[in-house]
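Below is start.cif, which holds mmCIF, C-alpha atoms and all ligand atoms.
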data_upload
loop_
_atom_site.label_atom_id
_atom_site.label_comp_id
_atom_site.auth_asym_id
_atom_site.auth_seq_id
_atom_site.Cartn_x
_atom_site.Cartn_y
_atom_site.Cartn_z
CA MET A 1 104.09 127.03 99.90
CA ASN A 2 102.54 126.55 96.48
CA ALA A 3 98.99 127.84 96.02
CA ILE A 4 98.35 124.71 93.95
CA PRO A 5 100.30 121.86 95.54
CA PHE A 6 101.63 118.96 93.56
CA ALA A 7 99.69 116.38 95.61
CA ARG A 8 97.10 116.37 98.38
CA PRO A 9 95.33 113.45 100.08
CA SER A 10 91.53 113.29 99.96
CA ILE A 11 90.47 112.78 103.58
CA GLY A 12 86.81 113.15 104.58
CA PRO A 13 84.66 112.64 107.68
CA ALA A 14 84.45 108.87 107.15
CA GLU A 15 88.24 108.55 107.41
CA ILE A 16 88.33 110.76 110.52
CA ASP A 17 85.51 108.75 112.16
CA ALA A 18 87.19 105.43 111.38
CA VAL A 19 90.52 106.47 112.87
CA SER A 20 88.78 108.04 115.89
CA ARG A 21 86.97 104.77 116.58
CA VAL A 22 90.30 102.93 116.65
CA LEU A 23 91.79 105.56 118.96
CA ARG A 24 88.88 105.04 121.37
CA SER A 25 88.98 101.25 121.12
CA GLY A 26 92.08 100.63 123.23
CA TRP A 27 93.78 98.58 120.46
CA LEU A 28 96.14 100.71 118.35
CA THR A 29 98.59 98.26 116.81
CA THR A 30 97.92 95.51 114.26
CA GLY A 31 94.57 93.89 115.00
CA GLU A 32 91.11 93.38 113.60
CA GLN A 33 91.26 96.50 111.39
CA ALA A 34 94.44 95.30 109.70
CA LEU A 35 92.98 91.80 109.23
CA ALA A 36 89.81 93.26 107.70
CA PHE A 37 91.86 95.58 105.48
CA GLU A 38 93.82 92.57 104.22
CA ARG A 39 90.64 90.60 103.46
CA GLU A 40 89.04 93.53 101.69
CA PHE A 41 92.17 94.39 99.70
CA ALA A 42 92.65 90.76 98.61
CA ALA A 43 89.05 90.74 97.36
CA ALA A 44 89.53 94.07 95.58
CA VAL A 45 92.53 92.87 93.56
CA GLY A 46 91.50 89.21 93.33
CA SER A 47 94.50 87.66 95.07
CA ARG A 48 94.60 84.74 97.52
CA HIS A 49 96.62 86.66 100.09
CA ALA A 50 97.09 90.30 101.05
CA LEU A 51 99.59 91.19 103.78
CA ALA A 52 99.47 94.63 105.31
CA VAL A 53 102.84 96.24 106.03
CA ASN A 54 103.97 99.67 107.18
CA SER A 55 105.39 100.74 103.80
CA ALA A 56 105.83 99.51 100.26
CA THR A 57 109.56 99.57 100.93
CA ALA A 58 108.98 97.00 103.69
CA GLY A 59 106.74 95.02 101.36
CA LEU A 60 109.35 94.92 98.59
CA HIS A 61 112.00 93.84 101.09
CA LEU A 62 109.77 91.07 102.44
CA ALA A 63 108.69 89.89 98.97
CA LEU A 64 112.28 89.61 97.74
CA GLU A 65 113.33 87.88 100.95
CA ALA A 66 110.43 85.45 100.62
CA VAL A 67 111.42 84.40 97.09
CA GLY A 68 114.94 83.69 98.31
CA VAL A 69 116.97 86.68 97.10
CA GLY A 70 120.28 86.61 98.93
CA PRO A 71 123.97 87.53 98.79
CA GLY A 72 125.52 87.12 95.35
CA ASP A 73 122.17 87.16 93.52
CA SER A 74 121.24 89.80 90.97
CA VAL A 75 117.90 91.59 90.76
CA ILE A 76 116.94 93.58 87.65
CA VAL A 77 115.12 96.87 88.30
CA PRO A 78 114.55 100.03 86.27
CA SER A 79 116.81 102.98 87.01
CA MET A 80 113.74 105.14 86.39
CA THR A 81 112.19 104.61 89.83
CA PHE A 82 112.31 105.66 93.46
CA THR A 83 115.33 104.38 95.36
CA ALA A 84 113.14 102.05 97.47
CA THR A 85 112.74 99.66 94.53
CA ALA A 86 116.50 99.09 94.44
CA GLU A 87 117.61 99.66 98.04
CA VAL A 88 115.78 96.57 99.30
CA VAL A 89 117.96 94.45 96.99
CA ARG A 90 121.01 95.80 98.82
CA TYR A 91 119.38 95.11 102.23
CA LEU A 92 119.53 91.44 101.22
CA GLY A 93 123.14 91.58 100.10
CA ALA A 94 122.22 91.08 96.44
CA GLU A 95 123.33 93.20 93.49
CA VAL A 96 121.18 95.56 91.46
CA VAL A 97 121.22 95.44 87.67
CA PHE A 98 119.63 98.53 86.14
CA ALA A 99 117.59 98.16 82.95
CA ASP A 100 116.50 100.87 80.55
CA VAL A 101 112.94 101.98 79.76
CA SER A 102 111.27 101.35 76.42
CA PRO A 103 111.63 104.31 74.02
CA GLY A 104 109.09 107.03 74.68
CA THR A 105 107.89 105.46 77.94
CA LEU A 106 108.83 105.40 81.61
CA LEU A 107 108.42 101.62 81.78
CA ILE A 108 111.12 98.97 81.95
CA ASP A 109 111.97 97.45 78.57
CA PRO A 110 111.70 93.62 78.49
CA THR A 111 114.22 93.45 75.64
CA ASP A 112 116.80 95.28 77.70
CA VAL A 113 115.92 93.18 80.75
CA ARG A 114 116.61 90.07 78.68
CA THR A 115 119.95 91.44 77.46
CA ARG A 116 121.04 92.23 81.02
CA ALA A 117 119.80 88.90 82.36
CA ALA A 118 121.78 87.06 79.70
CA ALA A 119 124.91 89.10 80.51
CA THR A 120 124.47 88.37 84.23
CA VAL A 121 124.23 84.63 83.61
CA ALA A 122 127.15 84.72 81.14
CA GLY A 123 129.21 86.30 83.91
CA GLY A 124 128.40 83.42 86.25
CA GLY A 125 125.62 85.19 88.16
CA ARG A 126 122.01 84.28 88.95
CA VAL A 127 119.04 86.52 88.22
CA ALA A 128 116.89 85.91 91.28
CA ALA A 129 114.16 88.44 90.53
CA ILE A 130 112.89 91.11 88.16
CA VAL A 131 111.07 94.09 89.68
CA PRO A 132 109.13 96.14 87.11
CA VAL A 133 107.55 99.43 88.23
CA HIS A 134 104.13 100.40 86.85
CA LEU A 135 105.25 104.01 86.90
CA ALA A 136 102.51 106.63 87.23
CA GLY A 137 100.01 103.75 87.31
CA GLU A 138 100.67 102.71 83.70
CA THR A 139 101.10 99.04 82.88
CA CYS A 140 104.50 97.58 82.05
CA ASP A 141 104.75 94.97 79.28
CA ILE A 142 103.67 92.10 81.52
CA PRO A 143 103.74 89.25 78.95
CA GLY A 144 107.22 90.34 77.83
CA LEU A 145 108.53 90.49 81.39
CA ARG A 146 106.92 87.22 82.35
CA ALA A 147 108.61 85.50 79.41
CA VAL A 148 112.04 86.78 80.49
CA ALA A 149 111.39 85.81 84.13
CA GLU A 150 110.43 82.29 83.07
CA GLU A 151 113.42 81.93 80.74
CA PHE A 152 115.86 82.80 83.53
CA GLY A 153 113.99 81.17 86.42
CA ALA A 154 113.62 84.56 88.12
CA ALA A 155 110.77 85.67 90.36
CA LEU A 156 108.60 88.51 89.03
CA ILE A 157 107.78 90.98 91.81
CA GLU A 158 105.64 93.91 90.63
CA ASP A 159 106.40 97.24 92.24
CA ALA A 160 102.78 98.39 92.16
CA ALA A 161 103.39 101.37 94.46
CA HIS A 162 101.65 103.62 91.89
CA ALA A 163 99.29 101.07 90.48
CA PHE A 164 96.16 100.75 92.61
CA PRO A 165 93.48 100.42 91.27
CA GLY A 166 95.01 99.74 87.87
CA SER A 167 94.44 96.68 85.72
CA ALA A 168 95.68 94.95 82.59
CA HIS A 169 94.87 91.73 80.73
CA GLY A 170 91.73 91.32 82.84
CA ALA A 171 93.46 91.36 86.23
CA ALA A 172 94.60 93.94 88.75
CA LEU A 173 98.12 95.30 88.47
CA GLY A 174 100.19 93.68 91.20
CA THR A 175 98.64 90.25 90.59
CA HIS A 176 100.54 89.28 87.44
CA GLY A 177 103.75 88.00 89.01
CA ASP A 178 104.84 86.01 92.06
CA ALA A 179 103.93 88.96 94.29
CA GLY A 180 102.92 92.60 93.97
CA VAL A 181 103.57 95.46 96.35
CA PHE A 182 101.37 98.56 96.82
CA SER A 183 102.14 101.82 98.62
CA PHE A 184 99.72 103.81 100.74
CA TYR A 185 102.13 106.70 101.26
CA ALA A 186 100.41 110.09 101.65
CA ASN A 187 100.42 111.06 97.95
CA LYS A 188 99.29 107.67 96.62
CA THR A 189 95.95 106.76 95.04
CA ILE A 190 94.68 105.49 98.38
CA THR A 191 96.55 106.36 101.53
CA THR A 192 97.10 105.28 105.12
CA GLY A 193 99.66 108.07 105.71
CA GLU A 194 102.41 105.47 105.60
CA GLY A 195 101.65 101.88 104.67
CA GLY A 196 101.71 99.18 102.06
CA MET A 197 100.30 95.81 101.01
CA VAL A 198 101.88 92.71 99.50
CA VAL A 199 99.61 90.50 97.45
CA THR A 200 100.38 87.00 96.27
CA ASP A 201 98.66 83.78 95.27
CA ARG A 202 101.58 81.74 96.60
CA ASP A 203 101.02 80.27 100.07
CA ASP A 204 104.76 79.88 100.69
CA ILE A 205 105.40 83.58 100.05
CA ALA A 206 102.45 84.63 102.21
CA ASP A 207 103.55 82.38 105.10
CA ARG A 208 107.11 83.65 105.01
CA ILE A 209 106.03 87.31 104.88
CA ARG A 210 103.57 86.81 107.74
CA THR A 211 106.44 85.57 109.89
CA MET A 212 109.11 87.99 108.74
CA ARG A 213 107.03 91.17 109.01
CA SER A 214 106.66 90.47 112.70
CA HIS A 215 110.17 89.77 114.09
CA GLY A 216 110.26 86.22 112.75
CA ILE A 217 107.66 85.26 115.36
CA ASP A 218 105.38 82.37 114.54
CA ARG A 219 102.19 84.05 115.78
CA GLU A 220 101.30 87.72 115.80
CA ALA A 221 100.32 89.73 118.89
CA TRP A 222 96.66 89.76 117.94
CA HIS A 223 96.59 85.99 117.87
CA ARG A 224 98.43 85.73 121.16
CA TYR A 225 96.34 88.10 123.21
CA THR A 226 92.76 87.89 121.98
CA ALA A 227 90.01 85.34 122.17
CA ALA A 228 89.76 85.48 118.38
CA GLY A 229 93.39 84.50 118.25
CA THR A 230 93.18 81.65 120.74
CA THR A 231 90.39 79.97 118.77
CA THR A 232 92.33 80.16 115.51
CA SER A 233 95.75 79.26 116.92
CA ILE A 234 97.05 75.98 118.27
CA THR A 235 94.69 75.49 121.19
CA GLU A 236 97.06 73.50 123.41
CA THR A 237 99.66 76.27 123.31
CA PRO A 238 99.34 78.83 126.12
CA HIS A 239 98.32 82.27 124.86
CA TRP A 240 101.59 83.83 126.09
CA TYR A 241 103.84 81.40 124.21
CA TYR A 242 105.57 82.18 120.93
CA GLU A 243 108.64 81.11 119.04
CA VAL A 244 111.14 83.11 117.06
CA VAL A 245 112.03 81.16 113.95
CA ALA A 246 114.08 83.77 112.02
CA PRO A 247 115.63 87.22 112.52
CA GLY A 248 112.60 89.06 111.18
CA TYR A 249 111.62 92.70 110.85
CA LYS A 250 109.15 95.13 112.45
CA TYR A 251 106.99 95.89 109.42
CA ASN A 252 103.38 95.44 110.65
CA LEU A 253 100.66 98.01 109.88
CA PRO A 254 98.90 99.52 112.93
CA ASP A 255 95.09 99.53 113.14
CA THR A 256 94.96 103.34 113.09
CA ALA A 257 96.42 103.23 109.57
CA ALA A 258 94.42 100.17 108.52
CA ALA A 259 91.12 101.83 109.52
CA LEU A 260 92.02 104.80 107.33
CA GLY A 261 92.97 102.42 104.51
CA ARG A 262 89.64 100.57 104.70
CA VAL A 263 87.70 103.77 104.10
CA GLN A 264 90.03 104.82 101.29
CA LEU A 265 89.67 101.36 99.75
CA ARG A 266 85.88 101.74 99.73
CA ARG A 267 86.39 105.07 97.93
CA ALA A 268 88.97 103.72 95.46
CA THR A 269 86.76 103.83 92.37
CA GLU A 270 85.53 107.33 93.18
CA LEU A 271 89.10 108.52 93.82
CA ARG A 272 90.38 106.92 90.62
CA GLU A 273 87.55 108.47 88.58
CA ALA A 274 88.34 111.92 90.01
CA ARG A 275 92.03 111.51 89.09
CA TYR A 276 91.02 110.34 85.63
CA ARG A 277 88.83 113.43 85.12
CA CYS A 278 91.86 115.61 85.97
CA ALA A 279 94.08 113.62 83.60
CA ARG A 280 91.49 113.96 80.85
CA ARG A 281 91.41 117.75 81.32
CA TYR A 282 95.20 117.90 80.89
CA LEU A 283 95.01 115.67 77.81
CA ASP A 284 92.33 117.87 76.23
CA GLY A 285 93.88 121.16 77.30
CA LEU A 286 97.35 120.32 75.97
CA SER A 287 96.55 118.19 72.91
CA ASP A 288 97.51 120.90 70.40
CA LEU A 289 100.92 121.28 72.08
CA ALA A 290 101.40 117.54 71.58
CA ALA A 291 100.30 117.81 67.93
CA ASP A 292 102.89 120.59 67.43
CA GLY A 293 105.67 118.43 68.91
CA ILE A 294 106.13 120.74 71.91
CA VAL A 295 105.23 118.11 74.50
CA ALA A 296 104.46 114.40 74.67
CA LEU A 297 101.43 113.34 76.71
CA PRO A 298 100.70 110.02 78.41
CA GLY A 299 98.25 107.74 76.64
CA ASP A 300 94.65 107.50 77.86
CA LEU A 301 94.94 103.77 78.42
CA PRO A 302 92.27 101.55 79.95
CA GLY A 303 93.30 100.29 83.38
CA HIS A 304 95.61 103.24 84.08
CA ALA A 305 95.61 104.04 87.81
CA TRP A 306 96.53 107.71 87.19
CA HIS A 307 98.74 108.15 90.22
CA LEU A 308 100.80 110.68 88.25
CA PHE A 309 100.39 112.79 85.15
CA VAL A 310 103.85 112.97 83.59
CA LEU A 311 104.30 115.52 80.81
CA ARG A 312 107.37 115.35 78.56
CA VAL A 313 108.77 118.66 77.32
CA LEU A 314 110.33 117.76 74.00
CA PRO A 315 113.77 119.14 73.11
CA ALA A 316 113.52 122.66 71.65
CA GLY A 317 109.77 122.14 71.50
CA GLY A 318 108.54 125.06 73.55
CA ARG A 319 109.27 128.75 72.97
CA ALA A 320 108.92 131.18 75.84
CA PRO A 321 107.01 134.41 75.14
CA GLY A 322 110.41 136.18 75.06
CA GLY A 323 111.59 133.87 72.28
CA GLY A 324 114.00 131.57 74.19
CA ALA A 325 113.54 127.80 74.18
CA VAL A 326 111.75 126.38 77.22
CA ASP A 327 113.34 123.36 78.78
CA ARG A 328 112.00 121.20 81.57
CA ASP A 329 113.98 122.92 84.34
CA ALA A 330 112.92 126.41 83.22
CA LEU A 331 109.32 125.27 83.02
CA ILE A 332 109.39 123.89 86.59
CA ALA A 333 110.94 127.11 87.89
CA ALA A 334 108.41 129.28 86.06
CA LEU A 335 105.46 127.20 87.31
CA ARG A 336 106.81 127.45 90.83
CA GLY A 337 106.97 131.21 90.39
CA ARG A 338 103.23 131.10 89.72
CA GLY A 339 102.49 129.03 92.81
CA ILE A 340 102.15 125.72 90.95
CA GLY A 341 103.81 122.67 92.50
CA THR A 342 105.34 120.00 90.28
CA SER A 343 107.74 117.11 90.74
CA VAL A 344 110.06 114.88 88.72
CA HIS A 345 109.48 111.13 88.66
CA TYR A 346 112.26 110.26 88.73
CA ILE A 347 115.86 111.38 88.88
CA PRO A 348 117.26 108.06 87.57
CA LEU A 349 118.98 106.04 90.24
CA HIS A 350 122.23 105.75 88.28
CA HIS A 351 122.52 109.56 88.61
CA MET A 352 122.57 109.26 92.42
CA PRO A 353 125.96 109.19 94.18
CA TYR A 354 125.43 105.86 95.93
CA TRP A 355 124.12 103.99 92.91
CA ARG A 356 126.54 105.65 90.46
CA ASP A 357 129.53 104.73 92.61
CA ARG A 358 128.39 101.16 93.17
CA TYR A 359 127.41 100.48 89.54
CA PRO A 360 129.51 102.83 87.38
CA GLU A 361 128.90 100.55 84.39
CA ALA A 362 125.28 101.79 84.27
CA VAL A 363 126.35 105.37 83.58
CA GLY A 364 125.94 106.19 79.89
CA ARG A 365 124.30 102.84 79.19
CA LEU A 366 120.67 103.73 79.84
CA PRO A 367 120.00 106.17 76.97
CA GLU A 368 116.18 106.10 77.03
CA THR A 369 116.15 106.66 80.80
CA ASP A 370 118.58 109.59 80.43
CA ARG A 371 116.51 111.09 77.62
CA ALA A 372 113.28 110.73 79.58
CA PHE A 373 114.84 112.33 82.65
CA ARG A 374 115.65 115.53 80.75
CA GLU A 375 112.04 115.84 79.57
CA ILE A 376 109.71 114.79 82.39
CA VAL A 377 107.66 116.88 84.77
CA SER A 378 104.79 115.59 86.92
CA LEU A 379 101.83 117.98 87.08
CA PRO A 380 99.43 118.45 90.02
CA LEU A 381 96.99 115.51 90.02
CA TYR A 382 94.71 114.66 92.92
CA PRO A 383 91.00 114.05 93.45
CA ASP A 384 90.31 117.43 95.06
CA LEU A 385 92.13 119.51 92.41
CA SER A 386 89.44 122.02 91.45
CA GLU A 387 88.58 122.69 87.83
CA SER A 388 89.51 126.36 88.24
CA ASP A 389 92.91 125.54 89.76
CA GLN A 390 93.57 123.07 86.98
CA ALA A 391 92.51 125.61 84.35
CA HIS A 392 95.13 127.94 85.88
CA VAL A 393 97.79 125.21 85.55
CA ILE A 394 96.84 124.51 81.93
CA ALA A 395 96.82 128.22 81.03
CA ALA A 396 100.26 128.66 82.63
CA LEU A 397 101.65 125.68 80.72
CA ARG A 398 100.22 126.96 77.44
CA GLU A 399 101.69 130.38 77.96
CA LEU A 400 105.10 129.17 79.15
CA LEU A 401 105.44 126.62 76.38
CA GLY A 402 104.54 129.15 73.72
CA ALA A 403 101.17 127.84 72.70
CA HIS A 404 100.18 131.47 72.10
CA ARG A 405 102.13 131.40 68.83
CA GLY A 406 99.74 131.69 65.96
CA GLU A 407 96.74 132.18 68.26
C1 LIG A 501 107.90 103.22 92.62
C2 LIG A 501 107.95 103.22 94.11
N1 LIG A 501 108.31 102.10 94.74
C3 LIG A 501 108.35 102.03 96.09
C4 LIG A 501 108.03 103.11 96.86
C5 LIG A 501 108.11 103.01 98.34
O1 LIG A 501 106.86 103.25 98.93
P1 LIG A 501 106.73 103.56 100.47
O2 LIG A 501 106.91 105.02 100.66
O3 LIG A 501 105.32 103.13 100.81
O4 LIG A 501 107.74 102.75 101.18
C6 LIG A 501 107.65 104.30 96.25
C7 LIG A 501 107.31 105.46 97.08
O5 LIG A 501 106.99 106.52 96.67
C8 LIG A 501 107.60 104.36 94.85
O6 LIG A 501 107.23 105.48 94.22
#
Using the file provided, produce a representation of the structure as structure tokens.
Ligand SMILES: Cc1ncc(COP(=O)(O)O)c(C=O)c1O
Amino acid sequence: MNAIPFARPSIGPAEIDAVSRVLRSGWLTTGEQALAFEREFAAAVGSRHALAVNSATAGLHLALEAVGVGPGDSVIVPSMTFTATAEVVRYLGAEVVFADVSPGTLLIDPTDVRTRAAATVAGGGRVAAIVPVHLAGETCDIPGLRAVAEEFGAALIEDAAHAFPGSAHGAALGTHGDAGVFSFYANKTITTGEGGMVVTDRDDIADRIRTMRSHGIDREAWHRYTAAGTTTSITETPHWYYEVVAPGYKYNLPDTAAALGRVQLRRATELREARYRCARRYLDGLSDLAADGIVALPGDLPGHAWHLFVLRVLPAGGRAPGGGAVDRDALIAALRGRGIGTSVHYIPLHHMPYWRDRYPEAVGRLPETDRAFREIVSLPLYPDLSESDQAHVIAALRELLGAHRGE
């Protein structure tokens, strides 16, 4: 195990108390905690609806289903993402079209999205949705993507798995399209262990997701079995009665997780500030390496959620103390040898056997994604990363990348 892990959740006594209270309450599945979490999350991001689900993967699946993605449709996603962003398209029988990232970034390029949308339509297809990923918590080009979505009549579903509590253009990330989907997986900016949230201002999307996340049943268990439910539901209908209106899914968030999420949500600003302080220390500690062209650093942009700190090791930039060039793979191995955990976000999807075999045309046609993949390494970044541990990481990077030259 690494002495300095890549990620670690920040869980305190308030989280433990909140989950313990649920465990003692007798109601463990989706109930009043989940409903409160939804209300509080909707208020935090400023959306009309927030729907708690048991993962962002589930949320992306539900959002695409709700906007009508189906067999024969195409959905444009970046290849530079986690497989969840694309796999949900295949759940629905639709086809994935991979788009490149903008040069020097890890964010989907609206110009390339437009080119691929036009090619899809020219081939007789329909672009049903575009799913940008605010990778690392950095904002995609929202106006550019919105323009393409409007031109092709496609839904815009933000994969905001990394993006809470980020913002752009005066509004929270995840609220700029038809729907946005957040992840509360264990390494995310706020966590419920496993969990997610879909936000939308569209009543039709919210209604459909509410039904489909719960087996296609018209009322959820909480509404069927509690007094609160009977007063808000159709009063003439017996409490035990429900109807199945579609073959739905089992994607609801239990109250144990929601209680944890409510505490994390209250701490969101504090947690984001702590991540930002870590990011700032990397930016300051490595700025001369960037000036020398050894690495590229992320921008210190307002509204960045700072889920990840992704360093780019530029080709032939670094020189190891022994004189050999340092590449990304060698750097990761050397950091690991010093007990420092890192990760790579992401191995592009078109490099994966399943995606490569299904869409061979993407191979060799995503040059900026391929270039980025060779250079990226995600450094340890979490609220409880101590200054001394981070100083150790920065010193190791400086030494391994040859910053000692001329010192
Ligand atoms: C960009 C992106 N989208 C979607 C997901 C899926 O999130 P979850 O694990 O909550 O299903 C992840 C998970 O890490 C992710 O990084």
**Distance query segment 29-43 of chain A at most 6 Å, all atoms listed in the file, self and fewer than 4 positions along chain excluded, as an NGL selection string** = :A and (47 or 49-51 or 222 or 253-255 or 258-259 or 262)
**Asked** Got a sec to check which residues lie within 8 Å of ligand LIG 501 (chain A), using all atoms listed in the file, and send them as a PyMOL selection string?
**Response** chain A and resi 54-60+81-85+133-135+159-162+182-185+188+194-196
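Of note, atom CA of Ala268 of chain A and atom CA of Pro380 of chain A are spaced 18.9 Å apart.
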**Request:** Considering only C-alpha atoms, state which residue in the set A:Ile340, A:Ala179, A:Pro367, A:Gly402 is at the smallest distance from Ala3 of chain A.
**Result:**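 Of A:Ile340, A:Ala179, A:Pro367, A:Gly402, the one nearest Ala3 of chain A is A:Ile340, counting only C-alpha atoms.
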**Prompt:** From the list A:Asp288, A:Glu151, A:Glu387, A:Asp203, which residue is nearest Ala274 of chain A when using only C-alpha atoms?
**Reply:**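 With only C-alpha atoms as the atom set, the closest residue is A:Glu387.
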**Asked** So how many Å separate atom CA of Gly261 of chain A and atom CA of Leu28 of chain A, to one decimal?
**Response** 14.3 Å
**All residues 7 Å or closer to Asp100 of chain A, all atoms listed in the file, same chain fewer than 3 positions away omitted, as a ChimeraX atom specification** = /A:78-79,108-109,112,366,368-369
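Take atom CA of Ala296 of chain A and atom CA of Phe373 of chain A: the distance between them is 13.3 Å.
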**Message:** Using all atoms listed in the file, can you tell me which of A:Ala63, A:Val326, A:Val113, A:Leu314 comes closest to Thr200 of chain A?
**Reply:**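 The shortest atom-to-atom distance to Thr200 of chain A comes from A:Ala63.
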**Request:** List the neighbours of segment 64-72 of chain A out to 7 Å using only C-alpha atoms; skip same-chain residues closer than 4 positions along the sequence, and give me the result as a PyMOL selection string.
**Result:** chain A and resi 60+92-95+128+155+205+208-209
Keeping C-alpha atoms for every residue in the selection just given, could you write it to a file as a PDB file, in the frame of the given file?
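File produced: out-v8.pdb:
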ATOM      1  CA  LEU A  60     109.350  94.920  98.590  1.00  0.00           C
ATOM      2  CA  LEU A  92     119.530  91.440 101.220  1.00  0.00           C
ATOM      3  CA  GLY A  93     123.140  91.580 100.100  1.00  0.00           C
ATOM      4  CA  ALA A  94     122.220  91.080  96.440  1.00  0.00           C
ATOM      5  CA  GLU A  95     123.330  93.200  93.490  1.00  0.00           C
ATOM      6  CA  ALA A 128     116.890  85.910  91.280  1.00  0.00           C
ATOM      7  CA  ALA A 155     110.770  85.670  90.360  1.00  0.00           C
ATOM      8  CA  ILE A 205     105.400  83.580 100.050  1.00  0.00           C
ATOM      9  CA  ARG A 208     107.110  83.650 105.010  1.00  0.00           C
ATOM     10  CA  ILE A 209     106.030  87.310 104.880  1.00  0.00           C
TER      11      ILE A 209
END
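When all atoms listed in the file are used to measure the gap to Glu15 of chain A, the shortest distance among A:Leu265, A:Ala119, A:Ala44, A:Val131 belongs to A:Leu265.
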